[in-house]
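Peer 1: This is the content of work14.txt (compact mmCIF, C-alpha atoms):
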```txt
# COMPACT_ATOMS: atom_id res chain seq x y z
CA MET A 31 56.02 40.73 112.38
CA THR A 32 57.49 42.62 115.32
CA PRO A 33 60.64 41.02 116.70
CA THR A 34 60.42 40.47 120.44
CA ALA A 35 64.16 40.89 120.97
CA PRO A 36 66.88 43.23 119.82
CA ILE A 37 68.62 42.04 116.68
CA THR A 38 71.94 43.22 118.07
CA GLN A 39 72.62 42.11 121.60
CA ASP A 40 73.02 44.71 124.35
CA VAL A 41 76.52 43.67 125.26
CA LEU A 42 79.22 45.92 126.63
CA THR A 43 82.28 45.49 124.44
CA LEU A 44 85.57 47.04 125.42
CA PRO A 45 87.06 49.37 122.81
CA ARG A 46 90.05 47.78 121.10
CA LYS A 47 93.36 49.62 120.94
CA LEU A 48 94.89 49.95 117.50
CA PRO A 49 98.36 48.45 117.07
CA GLU A 50 101.23 50.72 118.08
CA GLY A 51 101.55 53.60 115.66
CA GLY A 52 97.90 53.37 114.66
CA LEU A 53 98.57 51.31 111.52
CA THR A 54 95.48 50.08 109.64
CA ASN A 55 95.26 46.31 109.24
CA ILE A 56 94.53 45.45 105.61
CA VAL A 57 93.15 42.00 106.49
CA GLY A 58 89.34 42.04 106.51
CA LEU A 59 88.86 45.34 104.67
CA THR A 60 86.46 45.01 101.75
CA ARG A 61 87.62 46.27 98.35
CA ASP A 62 85.76 49.55 98.85
CA GLN A 63 87.17 50.04 102.35
CA LEU A 64 90.72 49.28 101.20
CA ARG A 65 90.45 51.65 98.21
CA THR A 66 89.26 54.46 100.50
CA ALA A 67 92.11 53.74 102.95
CA LEU A 68 94.74 53.72 100.17
CA ILE A 69 93.57 57.12 98.89
CA ALA A 70 93.56 58.51 102.44
CA ALA A 71 97.16 57.31 102.84
CA GLY A 72 98.28 59.21 99.75
CA THR A 73 97.62 56.92 96.78
CA PRO A 74 96.63 59.07 93.76
CA GLU A 75 92.95 58.50 93.06
CA LYS A 76 93.61 57.57 89.42
CA GLN A 77 95.96 54.79 90.54
CA ALA A 78 93.81 53.51 93.41
CA LYS A 79 91.97 50.80 91.46
CA MET A 80 95.18 49.32 90.04
CA ARG A 81 97.03 49.48 93.37
CA LEU A 82 94.06 47.89 95.13
CA GLY A 83 94.13 44.96 92.69
CA GLN A 84 97.89 44.46 93.11
CA ILE A 85 97.82 44.56 96.92
CA TRP A 86 94.71 42.36 97.07
CA GLN A 87 96.44 39.66 95.02
CA TRP A 88 99.62 39.78 97.11
CA VAL A 89 97.69 39.46 100.39
CA TYR A 90 94.91 37.04 99.46
CA HIS A 91 96.26 35.03 96.51
CA TRP A 92 99.94 34.71 97.42
CA GLY A 93 99.60 35.10 101.21
CA VAL A 94 102.35 37.74 101.41
CA ARG A 95 102.57 39.71 104.71
CA ASP A 96 105.54 41.98 103.98
CA PHE A 97 105.12 45.01 101.72
CA ALA A 98 108.81 44.76 100.74
CA GLN A 99 108.00 41.51 98.88
CA MET A 100 105.35 43.17 96.69
CA THR A 101 107.80 43.45 93.81
CA ASN A 102 105.48 44.94 91.18
CA LEU A 103 105.09 48.07 93.34
CA ALA A 104 107.66 50.88 93.29
CA LYS A 105 109.96 51.00 96.33
CA ASP A 106 108.73 54.39 97.49
CA TYR A 107 105.12 53.18 97.29
CA ARG A 108 105.98 50.07 99.33
CA ALA A 109 107.50 52.40 101.94
CA LEU A 110 104.30 54.48 101.96
CA LEU A 111 102.24 51.31 102.55
CA ALA A 112 104.51 50.21 105.41
CA ASP A 113 104.11 53.64 107.04
CA HIS A 114 100.30 53.40 107.05
CA PHE A 115 99.32 49.73 106.99
CA THR A 116 100.00 46.35 108.50
CA ILE A 117 99.00 42.81 107.47
CA GLU A 118 98.18 41.08 110.76
CA LEU A 119 96.53 37.77 111.60
CA PRO A 120 95.29 36.50 114.95
CA GLU A 121 98.00 34.62 116.84
CA VAL A 122 97.94 30.81 117.03
CA VAL A 123 98.46 29.97 120.71
CA SER A 124 98.29 26.20 120.31
CA LYS A 125 97.45 23.51 117.78
CA GLN A 126 96.14 20.03 118.50
CA VAL A 127 95.92 17.28 115.90
CA SER A 128 93.42 14.46 116.41
CA THR A 129 94.06 10.82 115.53
CA ASP A 130 91.60 11.30 112.64
CA GLY A 131 93.55 14.27 111.22
CA THR A 132 91.24 16.98 112.59
CA ARG A 133 93.19 20.07 113.66
CA LYS A 134 92.06 22.45 116.39
CA TYR A 135 93.68 25.86 116.75
CA LEU A 136 93.42 28.04 119.82
CA VAL A 137 93.70 31.57 118.45
CA ARG A 138 94.34 34.82 120.35
CA ILE A 139 92.79 38.06 119.09
CA ALA A 140 93.09 41.71 120.16
CA GLY A 141 92.45 42.17 123.87
CA GLY A 142 93.90 38.76 124.71
CA HIS A 143 90.63 36.90 124.05
CA GLU A 144 90.75 33.40 122.60
CA VAL A 145 88.61 31.57 120.05
CA GLU A 146 88.83 28.15 118.46
CA VAL A 147 89.10 27.14 114.81
CA VAL A 148 88.79 23.55 113.56
CA TYR A 149 89.97 22.00 110.28
CA ILE A 150 88.34 18.69 109.27
CA PRO A 151 89.96 16.78 106.39
CA GLU A 152 87.74 14.34 104.46
CA THR A 153 88.33 12.31 101.30
CA ASP A 154 86.46 14.71 99.01
CA ARG A 155 86.79 18.01 100.88
CA GLY A 156 88.49 19.92 103.65
CA THR A 157 86.18 21.91 105.89
CA LEU A 158 87.27 24.81 108.09
CA CYS A 159 84.96 25.61 110.99
CA ILE A 160 85.41 29.24 112.01
CA SER A 161 84.13 31.38 114.89
CA SER A 162 82.24 34.68 114.70
CA GLN A 163 82.14 35.74 118.37
CA VAL A 164 84.21 35.28 121.52
CA GLY A 165 81.88 33.10 123.54
CA CYS A 166 78.18 33.05 122.72
CA THR A 167 74.98 34.68 123.96
CA LEU A 168 72.69 31.78 123.21
CA THR A 169 73.25 29.36 126.12
CA CYS A 170 71.99 26.33 124.17
CA SER A 171 71.91 23.68 126.86
CA PHE A 172 73.60 20.89 124.84
CA CYS A 173 76.47 23.06 123.55
CA HIS A 174 79.76 23.46 125.41
CA THR A 175 80.44 26.84 123.79
CA GLY A 176 77.13 28.07 125.18
CA THR A 177 78.51 27.76 128.72
CA GLN A 178 80.72 30.82 128.04
CA LYS A 179 79.42 34.38 128.24
CA LEU A 180 79.71 36.52 125.13
CA VAL A 181 82.76 38.78 125.35
CA ARG A 182 82.56 40.53 121.99
CA ASN A 183 81.96 40.19 118.27
CA LEU A 184 84.93 39.37 116.09
CA THR A 185 85.99 41.94 113.51
CA ALA A 186 85.91 41.08 109.80
CA GLY A 187 89.72 40.90 109.93
CA GLU A 188 89.64 38.41 112.80
CA ILE A 189 87.19 36.22 110.85
CA VAL A 190 89.20 36.33 107.59
CA GLY A 191 92.37 35.87 109.66
CA GLN A 192 91.14 32.45 110.84
CA VAL A 193 91.01 31.26 107.22
CA MET A 194 94.45 32.69 106.46
CA LEU A 195 96.19 31.21 109.49
CA ALA A 196 94.75 27.77 108.69
CA ARG A 197 96.09 28.15 105.11
CA ASP A 198 99.47 29.06 106.63
CA ASP A 199 99.48 25.91 108.76
CA LEU A 200 98.40 23.69 105.86
CA GLY A 201 100.91 25.28 103.45
CA GLU A 202 98.10 26.10 101.05
CA TRP A 203 99.32 29.41 99.57
CA PRO A 204 100.53 29.01 95.97
CA VAL A 205 104.25 29.45 95.31
CA GLN A 206 105.25 31.88 92.58
CA GLY A 207 106.80 30.07 89.63
CA ASP A 208 105.37 26.65 90.58
CA PRO A 209 102.83 24.94 88.28
CA LYS A 210 99.23 25.94 89.09
CA ASN A 211 97.69 23.52 91.58
CA GLU A 212 93.88 23.48 91.76
CA THR A 213 93.77 21.16 94.79
CA ARG A 214 92.16 22.96 97.72
CA LEU A 215 92.94 21.71 101.22
CA ILE A 216 90.36 24.19 102.55
CA SER A 217 87.54 23.66 100.07
CA ASN A 218 84.64 24.58 102.36
CA ILE A 219 84.01 27.00 105.21
CA VAL A 220 81.33 26.60 107.85
CA LEU A 221 80.41 29.39 110.26
CA MET A 222 79.67 26.87 112.99
CA GLY A 223 82.38 27.71 115.51
CA MET A 224 81.94 29.89 118.56
CA GLY A 225 79.11 32.42 118.47
CA GLU A 226 75.89 33.19 116.57
CA PRO A 227 76.96 34.64 113.18
CA LEU A 228 73.72 36.57 112.64
CA TYR A 229 74.32 38.57 115.85
CA ASN A 230 77.51 39.81 114.13
CA PHE A 231 76.02 40.22 110.69
CA GLU A 232 78.01 43.10 109.14
CA ASN A 233 81.43 41.71 110.15
CA VAL A 234 80.51 38.22 108.95
CA ARG A 235 79.19 39.61 105.66
CA ASP A 236 82.31 41.71 104.99
CA ALA A 237 84.62 38.81 105.89
CA MET A 238 82.80 36.46 103.52
CA LYS A 239 83.02 39.07 100.72
CA VAL A 240 86.79 38.96 101.13
CA VAL A 241 86.92 35.14 101.24
CA MET A 242 84.66 34.78 98.17
CA ASP A 243 86.54 37.34 96.04
CA ASN A 244 87.79 35.62 92.87
CA GLU A 245 91.18 37.33 92.87
CA GLY A 246 92.14 36.08 96.31
CA ILE A 247 91.09 33.13 98.46
CA ALA A 248 88.31 32.58 95.90
CA LEU A 249 85.93 30.22 97.69
CA GLY A 250 82.55 30.24 95.90
CA ARG A 251 79.43 31.21 97.84
CA ARG A 252 78.13 27.63 97.65
CA ARG A 253 81.24 26.47 99.47
CA ILE A 254 80.32 28.54 102.53
CA THR A 255 77.61 27.53 105.00
CA LEU A 256 76.38 29.84 107.74
CA SER A 257 74.78 28.15 110.72
CA THR A 258 72.22 30.08 112.76
CA SER A 259 70.01 29.17 115.68
CA GLY A 260 67.22 31.18 114.05
CA VAL A 261 67.72 34.96 114.21
CA VAL A 262 64.67 35.47 112.01
CA PRO A 263 65.03 39.19 111.12
CA GLU A 264 68.51 38.57 109.65
CA ILE A 265 67.76 35.38 107.68
CA ALA A 266 66.64 37.00 104.41
CA ARG A 267 69.63 39.38 104.55
CA THR A 268 71.93 36.36 104.58
CA ALA A 269 70.67 35.33 101.13
CA THR A 270 70.71 38.79 99.60
CA GLU A 271 73.88 40.26 101.14
CA ILE A 272 76.11 37.17 101.52
CA GLY A 273 74.53 34.56 99.24
CA CYS A 274 76.00 31.57 101.07
CA LEU A 275 74.19 28.37 102.01
CA LEU A 276 72.18 28.26 105.22
CA ALA A 277 72.11 25.75 108.05
CA ILE A 278 69.67 25.89 110.96
CA SER A 279 70.46 24.59 114.45
CA PHE A 280 67.03 23.02 114.82
CA HIS A 281 67.29 20.13 117.29
CA ALA A 282 63.63 19.76 118.32
CA THR A 283 60.14 19.32 116.86
CA THR A 284 58.07 21.07 119.55
CA ASP A 285 58.42 24.56 120.99
CA GLU A 286 58.43 23.10 124.49
CA VAL A 287 61.59 21.07 123.83
CA ARG A 288 63.25 23.67 121.57
CA ASP A 289 62.73 26.37 124.23
CA GLN A 290 64.93 24.24 126.50
CA LEU A 291 67.56 23.25 123.94
CA VAL A 292 67.78 26.49 121.92
CA PRO A 293 66.46 29.34 124.10
CA ILE A 294 66.30 31.79 121.15
CA ASN A 295 63.15 29.79 120.26
CA LYS A 296 61.32 31.80 122.94
CA ARG A 297 61.79 34.90 120.75
CA TRP A 298 61.25 33.33 117.32
CA ASN A 299 59.43 30.03 117.66
CA ILE A 300 59.43 27.08 115.26
CA ALA A 301 56.46 28.34 113.19
CA THR A 302 57.97 31.84 112.83
CA LEU A 303 61.35 30.40 111.88
CA LEU A 304 59.92 27.99 109.30
CA ASP A 305 57.81 30.77 107.73
CA ALA A 306 60.99 32.81 107.24
CA LEU A 307 62.79 29.81 105.73
CA ARG A 308 59.98 29.10 103.25
CA GLU A 309 60.50 32.61 101.91
CA TYR A 310 64.30 32.32 101.81
CA PRO A 311 65.49 33.95 98.53
CA GLY A 312 67.03 31.54 96.04
CA LEU A 313 65.84 28.41 97.80
CA SER A 314 65.90 25.38 95.48
CA ASN A 315 66.73 21.67 95.46
CA SER A 316 70.29 22.52 94.48
CA GLU A 317 70.54 25.11 97.28
CA ARG A 318 68.73 23.42 100.11
CA ILE A 319 68.63 24.48 103.71
CA THR A 320 70.43 22.11 106.07
CA PHE A 321 68.67 21.35 109.34
CA GLU A 322 71.11 20.33 112.06
CA TYR A 323 69.62 17.98 114.60
CA VAL A 324 71.66 16.77 117.56
CA MET A 325 70.48 13.37 118.80
CA LEU A 326 69.83 13.44 122.56
CA ASP A 327 68.83 10.26 124.32
CA GLY A 328 65.20 10.40 125.47
CA VAL A 329 64.84 14.11 124.64
CA ASN A 330 64.25 14.52 120.89
CA ASP A 331 64.97 11.14 119.32
CA THR A 332 61.63 9.26 119.16
CA LYS A 333 59.91 8.03 116.01
CA GLU A 334 57.15 10.55 116.78
CA ASP A 335 59.81 13.30 116.66
CA ALA A 336 60.99 12.04 113.28
CA HIS A 337 57.46 12.04 111.83
CA ARG A 338 56.82 15.53 113.28
CA LEU A 339 60.04 16.78 111.71
CA VAL A 340 58.93 15.51 108.29
CA GLU A 341 55.65 17.42 108.65
CA LEU A 342 57.43 20.61 109.72
CA LEU A 343 59.76 20.52 106.71
CA ARG A 344 56.97 20.21 104.14
CA GLY A 345 57.48 22.70 101.32
CA ILE A 346 61.11 23.49 102.24
CA PRO A 347 63.92 22.05 100.05
CA ALA A 348 65.95 20.61 102.91
CA LYS A 349 68.37 18.03 104.15
CA VAL A 350 68.68 16.90 107.76
CA ASN A 351 72.12 16.41 109.32
CA LEU A 352 71.76 14.08 112.29
CA ILE A 353 74.52 14.73 114.82
CA PRO A 354 75.25 12.14 117.52
CA PHE A 355 75.61 14.22 120.69
CA ASN A 356 79.25 14.84 121.56
CA GLU A 357 79.38 14.34 125.30
CA TRP A 358 81.60 16.62 127.37
CA PRO A 359 82.39 16.59 131.11
CA GLY A 360 79.32 17.69 133.05
CA ALA A 361 77.00 17.60 130.02
CA PRO A 362 73.31 17.30 131.00
CA TYR A 363 72.52 14.88 128.14
CA LYS A 364 73.54 11.54 126.71
CA ARG A 365 73.99 10.47 123.10
CA SER A 366 71.09 8.54 121.52
CA SER A 367 71.82 4.90 120.76
CA GLY A 368 73.01 3.97 117.27
CA ASN A 369 69.81 1.98 116.63
CA ARG A 370 67.63 4.92 117.56
CA ILE A 371 69.62 7.35 115.39
CA HIS A 372 69.37 5.00 112.39
CA ALA A 373 65.63 4.47 112.90
CA PHE A 374 65.17 8.27 113.02
CA ALA A 375 67.28 8.70 109.87
CA ASP A 376 65.25 6.07 108.01
CA ILE A 377 61.94 7.88 108.65
CA ILE A 378 63.41 11.16 107.33
CA TYR A 379 64.93 9.39 104.31
CA GLN A 380 61.71 7.53 103.44
CA ALA A 381 59.94 10.91 103.36
CA GLY A 382 62.31 12.04 100.62
CA TYR A 383 64.88 14.04 102.57
CA ALA A 384 68.61 13.30 102.72
CA SER A 385 69.41 12.37 106.33
CA PRO A 386 73.15 11.75 106.73
CA ILE A 387 74.43 10.84 110.19
CA ARG A 388 77.49 12.95 110.94
CA THR A 389 80.56 11.00 111.98
CA PRO A 390 81.92 12.64 115.14
CA ARG A 391 85.37 14.09 114.42
CA GLY A 392 88.15 15.24 116.71
CA GLU A 393 86.47 14.03 119.90
CA ASP A 394 89.84 13.20 121.46
CA ILE A 395 90.82 16.90 121.27
CA MET A 396 87.38 18.32 122.18
CA ALA A 397 87.00 19.62 118.60
CA ALA A 398 83.67 17.99 117.82
CA CYS A 399 80.43 19.85 117.11
CA GLY A 400 79.20 21.71 120.19
CA GLN A 401 82.43 21.15 122.09
CA LEU A 402 84.26 24.35 121.21
CA LYS A 403 85.31 25.91 124.43
CA SER A 404 88.82 26.77 125.37
CA ALA A 405 90.16 24.59 128.19
CA THR A 406 93.05 27.02 128.56
CA GLU A 407 91.28 29.33 131.02
CA ARG A 408 90.25 26.41 133.18
CA ALA A 409 93.80 25.06 133.15
CA ARG A 410 95.16 28.44 134.24
CA LYS A 411 92.60 28.72 137.00
CA SER A 412 93.25 25.23 138.28
CA SER A 413 97.02 25.77 138.35
CA ARG A 414 96.46 28.99 140.35
CA ALA A 415 94.12 27.16 142.69
CA ILE A 416 96.66 24.36 143.17
CA ALA A 417 99.38 26.91 143.93
CA ALA A 418 97.13 28.64 146.48
CA GLU A 419 96.28 25.37 148.18
CA ALA A 420 99.95 24.49 148.40
CA GLY A 421 100.68 27.88 149.98
CA LEU A 422 102.69 29.00 146.96
CA SER A 423 100.52 31.98 146.11
CA HIS A 424 102.29 35.32 146.32
CA GLY A 425 99.31 37.46 145.18
```
Re-express the file's structure as structure tokens.

Peer 2:
Amino acid sequence: MTPTAPITQDVLTLPRKLPEGGLTNIVGLTRDQLRTALIAAGTPEKQAKMRLGQIWQWVYHWGVRDFAQMTNLAKDYRALLADHFTIELPEVVSKQVSTDGTRKYLVRIAGGHEVEVVYIPETDRGTLCISSQVGCTLTCSFCHTGTQKLVRNLTAGEIVGQVMLARDDLGEWPVQGDPKNETRLISNIVLMGMGEPLYNFENVRDAMKVVMDNEGIALGRRRITLSTSGVVPEIARTATEIGCLLAISFHATTDEVRDQLVPINKRWNIATLLDALREYPGLSNSERITFEYVMLDGVNDTKEDAHRLVELLRGIPAKVNLIPFNEWPGAPYKRSSGNRIHAFADIIYQAGYASPIRTPRGEDIMAACGQLKSATERARKSSRAIAAEAGLSHG
């Protein structure tokens, strides 16, 4: 099969300046990358493996950011680390907490760009929804994030940093000397925030290697779900190089409708996508593919759609997450009625597929699925516009 589109987008990204002094940020480096960097900074090669393990545990198990606190390292070695390295996270600009406990963080990364991160507490789990790009290339018509242009891919450090800053806010790092506590506030990660993760494959892969490492944050691969709109050439790599669970932003049962809702369908249509999923390495009933399906009134929510969806899924161990559309100002769609969503779910369920209806979370803070778009820029623009209208502009 010859892909009809580049796997990596042709997007101009501005080069990022290193922090003052050219220090290397440890956050987001894989074990191999960190070992190489430690040797380059003057760590004797014979000691590199041991030093790597010690630093890794301080940064990712204990959450320590200051080399001076790494007490099992000699003082002169701590000084060497401080001369060459830094432990930096993206900056939290603001935090909003919903009435249902959902937390939304607006996070600033290098270059002043902003992305959003959402934490969703539930009775049996805590899910962190992280972003992989600033903005998004895909322009899916029902998604608020899709109304932003792509600015750039996030680095592996910026992706890992989202997990670490959420752990900071939740107070989830263990305390030395305290009894071991196995309770995980962040028990699951979903790559369902801003951006298409498979257009930033290498950085996402390296970040997830760090997050899954047993001597640090230690989230198992089955606790991580990557959501893609269907970048077919990268789907098999996700299984072999990351090993996480897969979710597909599906949302339609005909190419005609999916072309409108998820324009990437024009490159890799439903049949091409489903062929790739049937061959997904490691696919089984215990590691099913999740199909995400946003319910849009009068667009994709008929009983005929439900029956078509069942036919399309034949032979794929799958579950279908039905998502009531989260309306946002100016959205071109409306949410399907509760009756229609339940009727749709019943047809899927009767065919033998799990069909949970997602409870919208964080709607009061625009943190719900498909709503991730920073209102900050708009607020700044409107305040400037107001000042200009009032004759207060000095620019």

Peer 1: Calculated over only C-alpha atoms, which of the candidates A:Arg95, A:Lys364, A:Arg253, A:Lys76 has the smallest distance to Val57 of chain A?

Peer 2: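 Among the listed residues, the smallest separation from Val57 of chain A belongs to A:Arg95.
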
Peer 1: Quick one: residues within 9 Å of Thr255 of chain A, only C-alpha atoms counted, chain neighbours fewer than 6 positions away excluded, as a PyMOL selection string?

Peer 2: chain A and resi 218-222+274-277

Peer 1: Report as a ChimeraX atom specification all protein, DNA and RNA residues lying within 10 Å of segment 184-189 of chain A, evaluated on only C-alpha atoms, omitting residues in the same chain fewer than 5 positions from it.

Peer 2: /A:55-60,117-120,137-140,145,160-164,194,221,225,227,230-241

Peer 1: Write out, as an mmCIF file, in the coordinates of the input, the residues just selected, with C-alpha atoms.

Peer 2:
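Once written, again_8.cif looks like this:
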```cif
data_model
loop_
_atom_site.group_PDB
_atom_site.id
_atom_site.type_symbol
_atom_site.label_atom_id
_atom_site.label_comp_id
_atom_site.auth_asym_id
_atom_site.auth_seq_id
_atom_site.Cartn_x
_atom_site.Cartn_y
_atom_site.Cartn_z
ATOM 1 C CA ASN A 55 95.260 46.310 109.240
ATOM 2 C CA ILE A 56 94.530 45.450 105.610
ATOM 3 C CA VAL A 57 93.150 42.000 106.490
ATOM 4 C CA GLY A 58 89.340 42.040 106.510
ATOM 5 C CA LEU A 59 88.860 45.340 104.670
ATOM 6 C CA THR A 60 86.460 45.010 101.750
ATOM 7 C CA ILE A 117 99.000 42.810 107.470
ATOM 8 C CA GLU A 118 98.180 41.080 110.760
ATOM 9 C CA LEU A 119 96.530 37.770 111.600
ATOM 10 C CA PRO A 120 95.290 36.500 114.950
ATOM 11 C CA VAL A 137 93.700 31.570 118.450
ATOM 12 C CA ARG A 138 94.340 34.820 120.350
ATOM 13 C CA ILE A 139 92.790 38.060 119.090
ATOM 14 C CA ALA A 140 93.090 41.710 120.160
ATOM 15 C CA VAL A 145 88.610 31.570 120.050
ATOM 16 C CA ILE A 160 85.410 29.240 112.010
ATOM 17 C CA SER A 161 84.130 31.380 114.890
ATOM 18 C CA SER A 162 82.240 34.680 114.700
ATOM 19 C CA GLN A 163 82.140 35.740 118.370
ATOM 20 C CA VAL A 164 84.210 35.280 121.520
ATOM 21 C CA MET A 194 94.450 32.690 106.460
ATOM 22 C CA LEU A 221 80.410 29.390 110.260
ATOM 23 C CA GLY A 225 79.110 32.420 118.470
ATOM 24 C CA PRO A 227 76.960 34.640 113.180
ATOM 25 C CA ASN A 230 77.510 39.810 114.130
ATOM 26 C CA PHE A 231 76.020 40.220 110.690
ATOM 27 C CA GLU A 232 78.010 43.100 109.140
ATOM 28 C CA ASN A 233 81.430 41.710 110.150
ATOM 29 C CA VAL A 234 80.510 38.220 108.950
ATOM 30 C CA ARG A 235 79.190 39.610 105.660
ATOM 31 C CA ASP A 236 82.310 41.710 104.990
ATOM 32 C CA ALA A 237 84.620 38.810 105.890
ATOM 33 C CA MET A 238 82.800 36.460 103.520
ATOM 34 C CA LYS A 239 83.020 39.070 100.720
ATOM 35 C CA VAL A 240 86.790 38.960 101.130
ATOM 36 C CA VAL A 241 86.920 35.140 101.240
#
```

Peer 1: Report, as lines of an AutoDock Vina configuration file, the centre and edge lengths in Å (one decimal) of the axis-aligned box enclosing every listed atom of segment 139-156 of chain A, padded by 5 Å on each side.

Peer 2:
```
center_x = 90.2
center_y = 27.2
center_z = 111.9
size_x = 17.4
size_y = 39.9
size_z = 35.7
```

Peer 1: For Glu357 of chain A, which residue out of A:Ile319, A:Cys173, A:Leu249, A:Leu103 is the nearest one, using all atoms listed in the file?

Peer 2: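 Of all the options, A:Cys173 lies closest to Glu357 of chain A.
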
Peer 1: Atom CA of Leu53 of chain A and atom CA of Phe115 of chain A are how many Å apart?

Peer 2: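 Atom-to-atom, atom CA of Leu53 of chain A to atom CA of Phe115 of chain A, that is 4.9 Å.
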
Peer 1: Distance table requested - segment 120-191 of chain A against segment 294-300 of chain A, cut-off 12 Å, only C-alpha atoms: one row per qualifying residue with the closest atom pair and its distance in Å to one decimal, ordered by chain and rising residue number, as a Markdown table.

Peer 2:
```
| residue | atom | partner | partner_atom | distance |
| --- | --- | --- | --- | --- |
| A:Thr167 | CA | A:Ile294 | CA | 9.6 |
| A:Leu168 | CA | A:Ile294 | CA | 6.7 |
| A:Thr169 | CA | A:Ile294 | CA | 8.9 |
| A:Cys170 | CA | A:Ile294 | CA | 8.4 |
| A:Ser171 | CA | A:Ile294 | CA | 11.4 |
```

Peer 1: Taking into account only C-alpha atoms, which residue in the set A:Pro354, A:Pro359, A:Ser128, A:Gly142 is nearest to Thr389 of chain A?

Peer 2: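 Closest candidate: A:Pro354.
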
Peer 1: Between A:Ile377, A:Thr73, A:Glu341, A:Arg133, which has the minimum distance to Thr283 of chain A (counting all atoms listed in the file)?

Peer 2: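 Among A:Ile377, A:Thr73, A:Glu341, A:Arg133, it is A:Glu341 that comes nearest to Thr283 of chain A.
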